[in-house]
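Enquirer: This is structure.cif (mmCIF, C-alpha atoms).
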```
data_entry
loop_
_atom_site.label_atom_id
_atom_site.label_comp_id
_atom_site.auth_asym_id
_atom_site.auth_seq_id
_atom_site.Cartn_x
_atom_site.Cartn_y
_atom_site.Cartn_z
CA MET P 296 0.00 0.00 0.00
CA THR P 297 1.45 3.37 -1.03
CA ASP P 298 1.06 6.74 0.66
CA ALA P 299 -1.45 7.72 -2.02
CA ASP P 300 -3.70 4.84 -0.93
CA ASN P 301 -3.99 6.02 2.68
CA LYS P 302 -7.38 7.28 3.77
CA LEU P 303 -8.79 10.15 5.79
CA ALA P 304 -11.71 9.21 8.03
CA VAL P 305 -13.96 12.26 8.46
CA SER P 306 -15.93 12.42 11.70
CA VAL P 307 -18.29 14.75 13.53
CA ASP P 308 -18.70 14.89 17.32
CA VAL P 309 -22.36 15.67 18.04
CA GLU P 310 -22.72 17.45 21.38
CA ASP P 311 -24.31 20.69 22.55
CA TRP P 312 -22.75 23.63 24.43
CA TYR P 313 -23.72 22.27 27.87
CA HIS P 314 -21.89 18.99 27.21
CA VAL P 315 -18.47 20.69 27.43
CA PRO P 316 -16.51 19.95 30.64
CA ALA P 317 -16.84 23.51 31.94
CA VAL P 318 -20.62 23.01 32.18
CA THR P 319 -21.24 19.27 32.78
CA GLY P 320 -19.46 15.93 32.91
CA SER P 321 -16.14 16.69 34.59
CA SER P 322 -14.56 17.30 37.99
CA PHE P 323 -14.64 21.07 37.43
CA SER P 324 -18.12 21.45 35.90
CA GLU P 325 -20.70 23.99 37.04
CA TYR P 326 -23.29 21.18 37.08
CA ASP P 327 -22.45 17.70 38.34
CA ASN P 328 -24.12 16.05 35.37
CA VAL P 329 -26.61 16.56 32.53
CA GLU P 330 -29.53 15.52 34.72
CA GLU P 331 -28.72 18.31 37.18
CA PHE P 332 -28.33 20.78 34.30
CA PHE P 333 -31.80 20.06 32.95
CA ALA P 334 -33.30 20.13 36.45
CA GLU P 335 -31.99 23.66 36.99
CA TRP P 336 -31.78 25.19 33.48
CA ASP P 337 -35.00 26.97 32.45
CA LYS P 338 -33.85 28.75 29.29
CA GLU P 339 -33.27 27.70 25.67
CA TYR P 340 -30.84 24.79 25.46
CA ASP P 341 -30.93 23.61 21.83
CA TYR P 342 -28.00 25.18 20.02
CA LEU P 343 -27.24 21.89 18.26
CA THR P 344 -30.02 21.18 15.76
CA GLU P 345 -29.41 24.05 13.34
CA PRO P 346 -25.63 23.58 12.95
CA THR P 347 -26.07 19.81 12.67
CA TYR P 348 -28.33 20.31 9.65
CA ARG P 349 -25.78 22.81 8.34
CA THR P 350 -23.11 20.13 8.81
CA LEU P 351 -25.17 17.57 6.90
CA ASP P 352 -25.62 20.02 4.03
CA LEU P 353 -21.88 20.78 4.02
CA LEU P 354 -21.04 17.08 3.79
CA ASP P 355 -23.58 16.61 1.01
CA GLU P 356 -22.01 19.53 -0.85
CA CYS P 357 -18.54 17.96 -0.49
CA ASP P 358 -19.89 14.46 -1.27
CA VAL P 359 -18.51 13.09 2.01
CA GLU P 360 -19.84 10.15 4.00
CA ALA P 361 -18.72 10.64 7.60
CA THR P 362 -18.91 9.08 11.05
CA PHE P 363 -21.04 10.99 13.56
CA PHE P 364 -20.00 10.24 17.14
CA VAL P 365 -23.20 11.15 18.97
CA VAL P 366 -23.78 11.73 22.68
CA ALA P 367 -26.60 9.27 23.35
CA ASP P 368 -28.83 11.69 25.28
CA VAL P 369 -29.22 13.58 21.97
CA VAL P 370 -31.75 10.86 21.11
CA ASP P 371 -33.98 12.03 23.97
CA ASN P 372 -33.45 15.78 23.86
CA TYR P 373 -33.37 16.35 20.08
CA PRO P 374 -36.09 14.07 18.65
CA GLY P 375 -35.41 12.97 15.09
CA LEU P 376 -31.87 14.35 14.84
CA VAL P 377 -30.02 11.04 15.03
CA GLU P 378 -32.53 9.51 12.66
CA GLU P 379 -31.88 12.32 10.16
CA ILE P 380 -28.11 11.82 10.34
CA ALA P 381 -28.52 8.11 9.65
CA ASN P 382 -31.06 8.74 6.88
CA ARG P 383 -28.55 11.05 5.17
CA GLY P 384 -26.19 8.06 4.81
CA HIS P 385 -23.70 8.56 7.65
CA GLU P 386 -22.27 6.13 10.17
CA ILE P 387 -23.42 6.56 13.78
CA GLY P 388 -20.79 6.13 16.49
CA CYS P 389 -21.02 6.56 20.26
CA HIS P 390 -19.72 9.61 22.15
CA GLY P 391 -20.82 8.44 25.59
CA LEU P 392 -24.18 8.53 27.35
CA HIS P 393 -23.96 12.13 28.62
CA HIS P 394 -20.49 13.25 27.42
CA GLU P 395 -18.95 12.57 30.82
CA CYS P 396 -15.16 12.43 31.10
CA THR P 397 -14.15 8.85 31.89
CA ILE P 398 -11.01 9.97 33.70
CA ASP P 399 -10.43 13.07 35.82
CA PRO P 400 -8.91 15.78 33.57
CA ASP P 401 -6.45 16.75 36.31
CA THR P 402 -5.53 13.55 38.15
CA LYS P 403 -6.25 11.12 35.27
CA GLU P 404 -7.87 8.77 37.78
CA PRO P 405 -11.04 6.90 36.71
CA ARG P 406 -14.31 8.72 37.37
CA PHE P 407 -16.31 5.49 37.04
CA THR P 408 -15.82 1.88 38.01
CA PRO P 409 -15.54 -0.41 34.97
CA ASP P 410 -18.87 -2.05 35.85
CA LEU P 411 -20.70 1.28 36.11
CA TYR P 412 -19.18 2.54 32.89
CA LYS P 413 -20.11 -0.70 31.16
CA THR P 414 -23.74 -0.21 32.22
CA ARG P 415 -23.73 3.34 30.87
CA LEU P 416 -22.10 2.29 27.60
CA VAL P 417 -24.65 -0.47 27.04
CA GLU P 418 -27.43 2.08 27.56
CA ALA P 419 -25.80 4.54 25.17
CA LYS P 420 -25.13 1.93 22.48
CA THR P 421 -28.66 0.52 22.72
CA LYS P 422 -30.22 3.99 22.52
CA LEU P 423 -28.20 5.01 19.45
CA GLU P 424 -28.83 1.71 17.65
CA ALA P 425 -32.58 1.96 18.23
CA ALA P 426 -32.69 5.51 16.85
CA SER P 427 -30.40 4.97 13.87
CA GLY P 428 -31.27 1.43 12.83
CA GLN P 429 -27.53 0.73 12.63
CA GLU P 430 -25.18 -1.44 14.62
CA VAL P 431 -22.96 1.02 16.51
CA THR P 432 -19.39 -0.30 16.45
CA GLY P 433 -17.28 2.84 17.02
CA TYR P 434 -16.58 5.01 20.05
CA ARG P 435 -14.92 8.32 20.79
CA ALA P 436 -14.26 9.28 24.40
CA PRO P 437 -15.94 12.50 25.59
CA GLY P 438 -13.32 15.21 25.62
CA ALA P 439 -10.84 12.56 24.37
CA TYR P 440 -10.19 11.61 28.00
CA VAL P 441 -9.43 7.91 27.81
CA GLY P 442 -7.53 5.17 29.61
CA GLY P 443 -6.62 1.58 28.86
CA TRP P 444 -9.38 0.28 31.12
CA VAL P 445 -11.92 2.16 28.95
CA LEU P 446 -10.83 0.21 25.87
CA ASP P 447 -11.29 -3.05 27.80
CA VAL P 448 -14.87 -2.07 28.64
CA LEU P 449 -15.52 -1.05 25.03
CA GLU P 450 -14.41 -4.44 23.77
CA ASP P 451 -16.49 -6.25 26.39
CA VAL P 452 -19.60 -4.28 25.33
CA GLY P 453 -19.07 -5.12 21.65
CA PHE P 454 -17.41 -2.06 20.13
CA GLU P 455 -14.97 -2.82 17.33
CA TYR P 456 -12.90 0.37 17.30
CA ASP P 457 -12.08 3.50 19.27
CA SER P 458 -10.83 6.86 17.99
CA SER P 459 -9.76 8.92 21.00
CA VAL P 460 -5.99 8.73 21.49
CA ALA P 461 -4.07 11.89 20.60
CA ARG P 462 -0.31 11.87 20.98
CA ASN P 463 1.14 15.39 20.80
CA THR P 464 3.41 17.79 22.68
CA LEU P 465 0.72 20.21 23.89
CA TYR P 466 -1.49 17.94 25.99
CA ASN P 467 -2.08 14.35 27.08
CA LYS P 468 -5.67 13.42 27.91
CA THR P 469 -4.87 9.80 28.73
CA ASP P 470 -3.69 8.00 31.88
CA GLN P 471 -0.30 6.99 30.46
CA GLU P 472 2.64 8.24 28.43
CA LEU P 473 2.23 7.90 24.67
CA ASP P 474 5.85 7.97 23.51
CA ASP P 475 5.52 4.65 21.67
CA LEU P 476 2.59 5.82 19.53
CA THR P 477 2.42 7.59 16.19
CA THR P 478 -0.70 8.32 14.14
CA VAL P 479 -1.05 4.89 12.54
CA PRO P 480 -4.03 2.66 13.48
CA TYR P 481 -3.04 -0.15 15.82
CA THR P 482 -4.22 -2.89 18.18
CA PRO P 483 -3.86 -1.92 21.86
CA LYS P 484 -2.81 -4.38 24.53
CA ARG P 485 -5.49 -5.11 27.14
CA GLY P 486 -5.37 -2.80 30.12
CA THR P 487 -3.37 -0.16 28.29
CA LEU P 488 -3.27 2.14 25.27
CA ALA P 489 0.07 0.72 24.15
CA PRO P 490 0.32 -1.02 20.75
CA GLY P 491 1.18 -4.66 20.28
CA GLY P 492 -2.05 -6.33 21.34
CA THR P 493 -3.77 -9.36 19.86
CA ARG P 494 -7.33 -8.35 20.67
CA SER P 495 -10.12 -7.51 18.22
CA LEU P 496 -10.47 -3.82 19.16
CA VAL P 497 -8.71 -1.32 16.86
CA GLU P 498 -7.51 2.17 17.85
CA LEU P 499 -7.61 4.99 15.30
CA PRO P 500 -5.27 7.63 16.80
CA TRP P 501 -5.39 11.29 15.85
CA PRO P 502 -2.95 13.06 13.50
CA TYR P 503 -0.18 15.43 14.47
CA LEU P 504 2.25 17.69 12.63
CA ASP P 505 5.84 16.80 13.54
CA VAL P 506 7.96 19.96 13.33
CA LYS P 507 11.04 18.48 15.09
CA ILE P 508 10.75 20.57 18.25
CA ALA P 509 7.09 19.61 18.80
CA LYS P 510 4.26 17.40 17.67
CA ILE P 511 1.33 19.75 17.03
CA PRO P 512 -2.14 18.19 17.36
CA ALA P 513 -3.89 18.28 13.99
CA ALA P 514 -7.11 16.29 14.28
CA GLY P 515 -9.35 19.33 13.87
CA GLY P 516 -12.14 20.16 16.32
CA PRO P 517 -11.47 23.37 18.26
CA LEU P 518 -7.93 23.44 16.86
CA ILE P 519 -9.10 24.22 13.34
CA ARG P 520 -10.80 27.26 14.89
CA LEU P 521 -7.73 28.31 16.88
CA PHE P 522 -4.85 27.24 14.60
CA GLY P 523 -6.47 27.69 11.19
CA ARG P 524 -6.74 25.26 8.28
CA ARG P 525 -3.14 25.16 7.05
CA ILE P 526 -1.62 23.63 10.21
CA ILE P 527 -4.41 21.06 10.48
CA GLN P 528 -4.17 20.18 6.80
CA ALA P 529 -0.38 19.88 6.95
CA GLY P 530 -0.66 17.57 9.96
CA ILE P 531 -3.25 15.41 8.22
CA GLU P 532 -1.17 15.16 5.06
CA GLN P 533 1.96 14.26 7.03
CA SER P 534 0.03 11.67 9.03
CA GLN P 535 -1.38 10.18 5.83
CA GLN P 536 2.18 9.54 4.75
CA ARG P 537 2.41 7.20 7.75
CA GLY P 538 -0.98 5.52 7.22
CA ASP P 539 -4.72 6.11 7.48
CA THR P 540 -5.72 8.96 9.79
CA VAL P 541 -8.74 10.93 11.04
CA PHE P 542 -10.24 14.43 11.03
CA TYR P 543 -13.09 15.70 13.17
CA PHE P 544 -15.17 18.75 13.96
CA HIS P 545 -18.31 19.66 15.89
CA PRO P 546 -21.52 21.16 14.51
CA LEU P 547 -21.03 23.84 17.17
CA ASP P 548 -17.76 24.82 15.47
CA ILE P 549 -19.76 26.24 12.56
CA SER P 550 -22.69 27.64 14.58
CA ARG P 551 -23.52 31.32 14.10
CA GLU P 552 -25.28 31.56 17.48
CA THR P 553 -23.90 33.01 20.72
CA PHE P 554 -24.00 30.29 23.33
CA PRO P 555 -25.28 30.93 26.87
CA SER P 556 -22.75 32.14 29.41
CA GLY P 557 -22.04 30.11 32.50
CA GLY P 558 -19.93 27.18 33.48
CA ASN P 559 -16.38 27.27 34.75
CA THR P 560 -15.16 29.38 31.84
CA LYS P 561 -11.86 30.17 33.54
CA ARG P 562 -10.67 26.73 32.43
CA ARG P 563 -11.38 27.51 28.77
CA PRO P 564 -11.68 31.28 28.34
CA ALA P 565 -11.13 31.22 24.55
CA TYR P 566 -12.83 27.94 23.75
CA TRP P 567 -15.53 29.31 21.42
CA MET P 568 -13.42 31.92 19.67
CA PHE P 569 -13.45 31.96 15.86
CA LYS P 570 -16.40 29.61 15.40
CA GLY P 571 -19.01 30.15 12.69
CA GLU P 572 -18.71 31.02 9.03
CA ARG P 573 -14.91 31.32 9.05
CA THR P 574 -14.50 27.81 10.47
CA GLU P 575 -17.08 26.38 8.07
CA LYS P 576 -15.03 27.73 5.18
CA ARG P 577 -11.87 26.19 6.62
CA ILE P 578 -13.56 22.79 6.88
CA ARG P 579 -15.00 23.04 3.38
CA ASP P 580 -11.62 24.01 1.93
CA LEU P 581 -9.90 21.15 3.74
CA LEU P 582 -12.41 18.57 2.52
CA ASN P 583 -12.39 19.89 -1.03
CA ALA P 584 -8.59 19.73 -1.11
CA LYS P 585 -8.65 15.95 -0.61
CA PRO P 586 -9.28 13.51 -3.48
CA ALA P 587 -12.80 12.17 -3.15
CA ASP P 588 -11.62 8.56 -3.08
CA SER P 589 -9.30 9.26 -0.14
CA ILE P 590 -12.14 10.24 2.23
CA THR P 591 -14.11 7.61 4.11
CA THR P 592 -15.64 6.73 7.49
CA CYS P 593 -13.94 5.61 10.68
CA GLU P 594 -15.63 2.22 10.36
CA ALA P 595 -14.09 1.77 6.90
CA VAL P 596 -10.61 2.65 8.19
CA ALA P 597 -10.98 0.18 11.06
CA GLU P 598 -12.06 -2.50 8.60
CA ARG P 599 -9.06 -1.71 6.36
CA TYR P 600 -6.76 -2.21 9.34
CA VAL P 601 -8.34 -5.55 10.27
CA SER P 602 -8.24 -6.75 6.68
CA SER P 603 -4.57 -5.83 6.26
CA HIS P 604 -3.53 -7.54 9.53
CA ARG P 605 -5.21 -10.89 9.12
#
```
Show this structure as structure tokens.

Expert:
Amino acid sequence: MTDADNKLAVSVDVEDWYHVPAVTGSSFSEYDNVEEFFAEWDKEYDYLTEPTYRTLDLLDECDVEATFFVVADVVDNYPGLVEEIANRGHEIGCHGLHHECTIDPDTKEPRFTPDLYKTRLVEAKTKLEAASGQEVTGYRAPGAYVGGWVLDVLEDVGFEYDSSVARNTLYNKTDQELDDLTTVPYTPKRGTLAPGGTRSLVELPWPYLDVKIAKIPAAGGPLIRLFGRRIIQAGIEQSQQRGDTVFYFHPLDISRETFPSGGNTKRRPAYWMFKGERTEKRIRDLLNAKPADSITTCEAVAERYVSSHR
């Protein structure tokens, strides 16, 4: 397989403004969880539906079939949205039950027991499968906070791949060092994120741009808003020289609305800067710069890995 054959899996993380860790789902959130948020919040909450439809139209325009990693409570709070994503021909993946960080962002200690997290994953997977009519085989950790024990639970529940691990110089959202990882899909050992396993679960790590003095994260998401398209595109292209890689963004990244204030914004004071039309153009330009036959879903990349390692 040559460099030109390597694929880019395009993905979309479907979550609303209150799912971010400053508001719910982390050790420093304003609300302990989504249930508490809805019990106390009495204003408009849906800032997700409009930009999700905008995202679907953008992908149609670019002729891209993508993987949508959806927070499972979207099924309950945004009736018909998951169904519409599936009806438009996209893969549905799981982004947790309520977008809760699986490990503490500061200490990296587990925030759930494996048994409790398994119960929540089964509920999330079942909910998304019922709404979409698809078998949900892929997972992305909320906030990309992930540990080896999480992958073990994923495999036990029946997921076939994960796409959460991001090695780079700026941050590490896992519970271990990642020095032995690059951007190439791999099989993790049980109990760890390290490569070299013999299990069935596949990890699709995120791209980075290696500039000798640093590895700059280049998967997209908020970074395409903050860094611009050229750094992200350069990191993707460099990572594709190593193997298949991934790109992601959120519908909220292209929203034109002003989100409600609140939450522990001191942790992320600039998080929503540069969203909207400018970011939508960056995403469109990035997608249009790639050959159509090089873009695919995360499920297809995972299947390519399995097929090539039999």

Enquirer: Do you have, as a tab-separated table, the list of residues of segment 425-535 of chain P lying at most 9 Å from segment 392-398 of chain P, each with its nearest atom pair and that distance in Å to one decimal, counting all atoms listed in the file and ordered by chain then number?

Expert:
```
residue	atom	partner	partner_atom	distance
P:Ala436	CA	P:Cys396	CA	7.5
P:Pro437	CA	P:His394	CA	5.0
P:Gly438	CA	P:Cys396	CA	6.4
P:Ala439	CA	P:Cys396	CA	8.0
P:Tyr440	CA	P:Cys396	CA	5.9
P:Val441	CA	P:Thr397	CA	6.3
P:Gly442	CA	P:Ile398	CA	7.2
P:Val445	CA	P:Thr397	CA	7.6
P:Lys468	CA	P:Ile398	CA	8.6
P:Thr469	CA	P:Ile398	CA	7.9
P:Asp470	CA	P:Ile398	CA	7.8
```

Enquirer: Neighbours of Tyr466 of chain P within 12 Å (only C-alpha atoms; same-chain residues fewer than 2 positions away dropped), as a list of chain:residue names?

Expert: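 Contacts, in chain order: P:Pro400, P:Asp401, P:Ala439, P:Tyr440, P:Val460, P:Ala461, P:Arg462, P:Asn463, P:Thr464, P:Lys468, P:Thr469, P:Asp470, P:Gln471, P:Glu472, P:Leu473, P:Tyr503, P:Ala509, P:Lys510, P:Ile511, P:Pro512.
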
Enquirer: From the set P:Gly492, P:Gly320, P:Gly428, P:Pro502, which residue has the shortest atom-to-atom contact distance to His385 of chain P, counting only C-alpha atoms?

Expert: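 Checking each of P:Gly492, P:Gly320, P:Gly428, P:Pro502 against His385 of chain P, counting only C-alpha atoms, the winner is P:Gly428.
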
Enquirer: Run the PyMOL selection byres ((chain P and resi 369) around 10) on the file and write out the hits as a list of chain:residue names.

Expert: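 What the PyMOL selection byres ((chain P and resi 369) around 10) grabs from the file is P:Val309, P:Glu310, P:Asp311, P:Leu343, P:Thr344, P:Val365, P:Val366, P:Ala367, P:Asp368, P:Val370, P:Asp371, P:Asn372, P:Tyr373, P:Pro374, P:Gly375, P:Leu376, P:Val377, P:Leu392, P:His393, P:Lys422, P:Leu423.
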
Enquirer: Applying 8 Å and all atoms listed in the file, which residues near segment 346-360 of chain P remain after dropping the ones on its own chain fewer than 5 positions away? List them as a list in words.

Expert: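 Returned residues: Val305, Val309, Ile380, Arg383, Gly384, His385, Glu386, Pro546, Leu547, Ile549, Ser550, Arg579, Leu582, Asn583, Ala587, Ile590, Thr591 and Thr592 of chain P.
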
Enquirer: For Trp567 of chain P, which residue among P:Tyr600, P:Val315, P:Thr402, P:Gln429 is the nearest when counting all atoms listed in the file?

Expert: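 Under the stated criterion, the closest residue is P:Val315.
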
Enquirer: Report, in Å with one decimal, the straight-line distance from atom CA of Trp312 of chain P to atom CA of Glu498 of chain P.

Expert: 27.1 Å

Enquirer: One decimal, in Å: what's the spacing between atom CA of Arg524 of chain P and atom CA of Phe363 of chain P?

Expert: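 Computed distance, atom CA of Arg524 of chain P to atom CA of Phe363 of chain P, equals 20.9 Å.
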
Enquirer: Can you complete the atoms of segment 425-440 of chain P to N, CA and C atoms and list them as an mmCIF file, in the frame of the given file?

Expert:
```
data_model
loop_
_atom_site.group_PDB
_atom_site.id
_atom_site.type_symbol
_atom_site.label_atom_id
_atom_site.label_comp_id
_atom_site.auth_asym_id
_atom_site.auth_seq_id
_atom_site.Cartn_x
_atom_site.Cartn_y
_atom_site.Cartn_z
ATOM 1 N N ALA P 425 -31.134 1.919 18.424
ATOM 2 C CA ALA P 425 -32.580 1.960 18.230
ATOM 3 C C ALA P 425 -32.992 3.155 17.381
ATOM 4 N N ALA P 426 -32.338 4.297 17.600
ATOM 5 C CA ALA P 426 -32.690 5.510 16.850
ATOM 6 C C ALA P 426 -32.212 5.462 15.417
ATOM 7 N N SER P 427 -31.015 4.906 15.195
ATOM 8 C CA SER P 427 -30.400 4.970 13.870
ATOM 9 C C SER P 427 -30.709 3.777 12.982
ATOM 10 N N GLY P 428 -31.090 2.648 13.602
ATOM 11 C CA GLY P 428 -31.270 1.430 12.830
ATOM 12 C C GLY P 428 -29.969 0.805 12.390
ATOM 13 N N GLN P 429 -28.846 1.253 12.967
ATOM 14 C CA GLN P 429 -27.530 0.730 12.630
ATOM 15 C C GLN P 429 -26.930 -0.006 13.834
ATOM 16 N N GLU P 430 -26.013 -0.907 13.555
ATOM 17 C CA GLU P 430 -25.180 -1.440 14.620
ATOM 18 C C GLU P 430 -24.082 -0.406 14.894
ATOM 19 N N VAL P 431 -23.953 0.019 16.141
ATOM 20 C CA VAL P 431 -22.960 1.020 16.510
ATOM 21 C C VAL P 431 -21.696 0.317 16.970
ATOM 22 N N THR P 432 -20.625 0.445 16.184
ATOM 23 C CA THR P 432 -19.390 -0.300 16.450
ATOM 24 C C THR P 432 -18.223 0.585 16.863
ATOM 25 N N GLY P 433 -18.382 1.929 16.743
ATOM 26 C CA GLY P 433 -17.280 2.840 17.020
ATOM 27 C C GLY P 433 -17.554 3.754 18.193
ATOM 28 N N TYR P 434 -16.487 4.176 18.849
ATOM 29 C CA TYR P 434 -16.580 5.010 20.050
ATOM 30 C C TYR P 434 -15.523 6.101 20.000
ATOM 31 N N ARG P 435 -15.894 7.260 20.535
ATOM 32 C CA ARG P 435 -14.920 8.320 20.790
ATOM 33 C C ARG P 435 -15.164 8.839 22.204
ATOM 34 N N ALA P 436 -14.121 8.883 23.007
ATOM 35 C CA ALA P 436 -14.260 9.280 24.400
ATOM 36 C C ALA P 436 -14.643 10.753 24.510
ATOM 37 N N PRO P 437 -15.606 11.092 25.354
ATOM 38 C CA PRO P 437 -15.940 12.500 25.590
ATOM 39 C C PRO P 437 -14.707 13.292 26.021
ATOM 40 N N GLY P 438 -14.479 14.396 25.326
ATOM 41 C CA GLY P 438 -13.320 15.210 25.620
ATOM 42 C C GLY P 438 -11.998 14.553 25.294
ATOM 43 N N ALA P 439 -12.046 13.367 24.678
ATOM 44 C CA ALA P 439 -10.840 12.560 24.370
ATOM 45 C C ALA P 439 -10.109 12.108 25.621
ATOM 46 N N TYR P 440 -10.788 12.119 26.774
ATOM 47 C CA TYR P 440 -10.190 11.610 28.000
ATOM 48 C C TYR P 440 -10.404 10.102 28.052
#
```
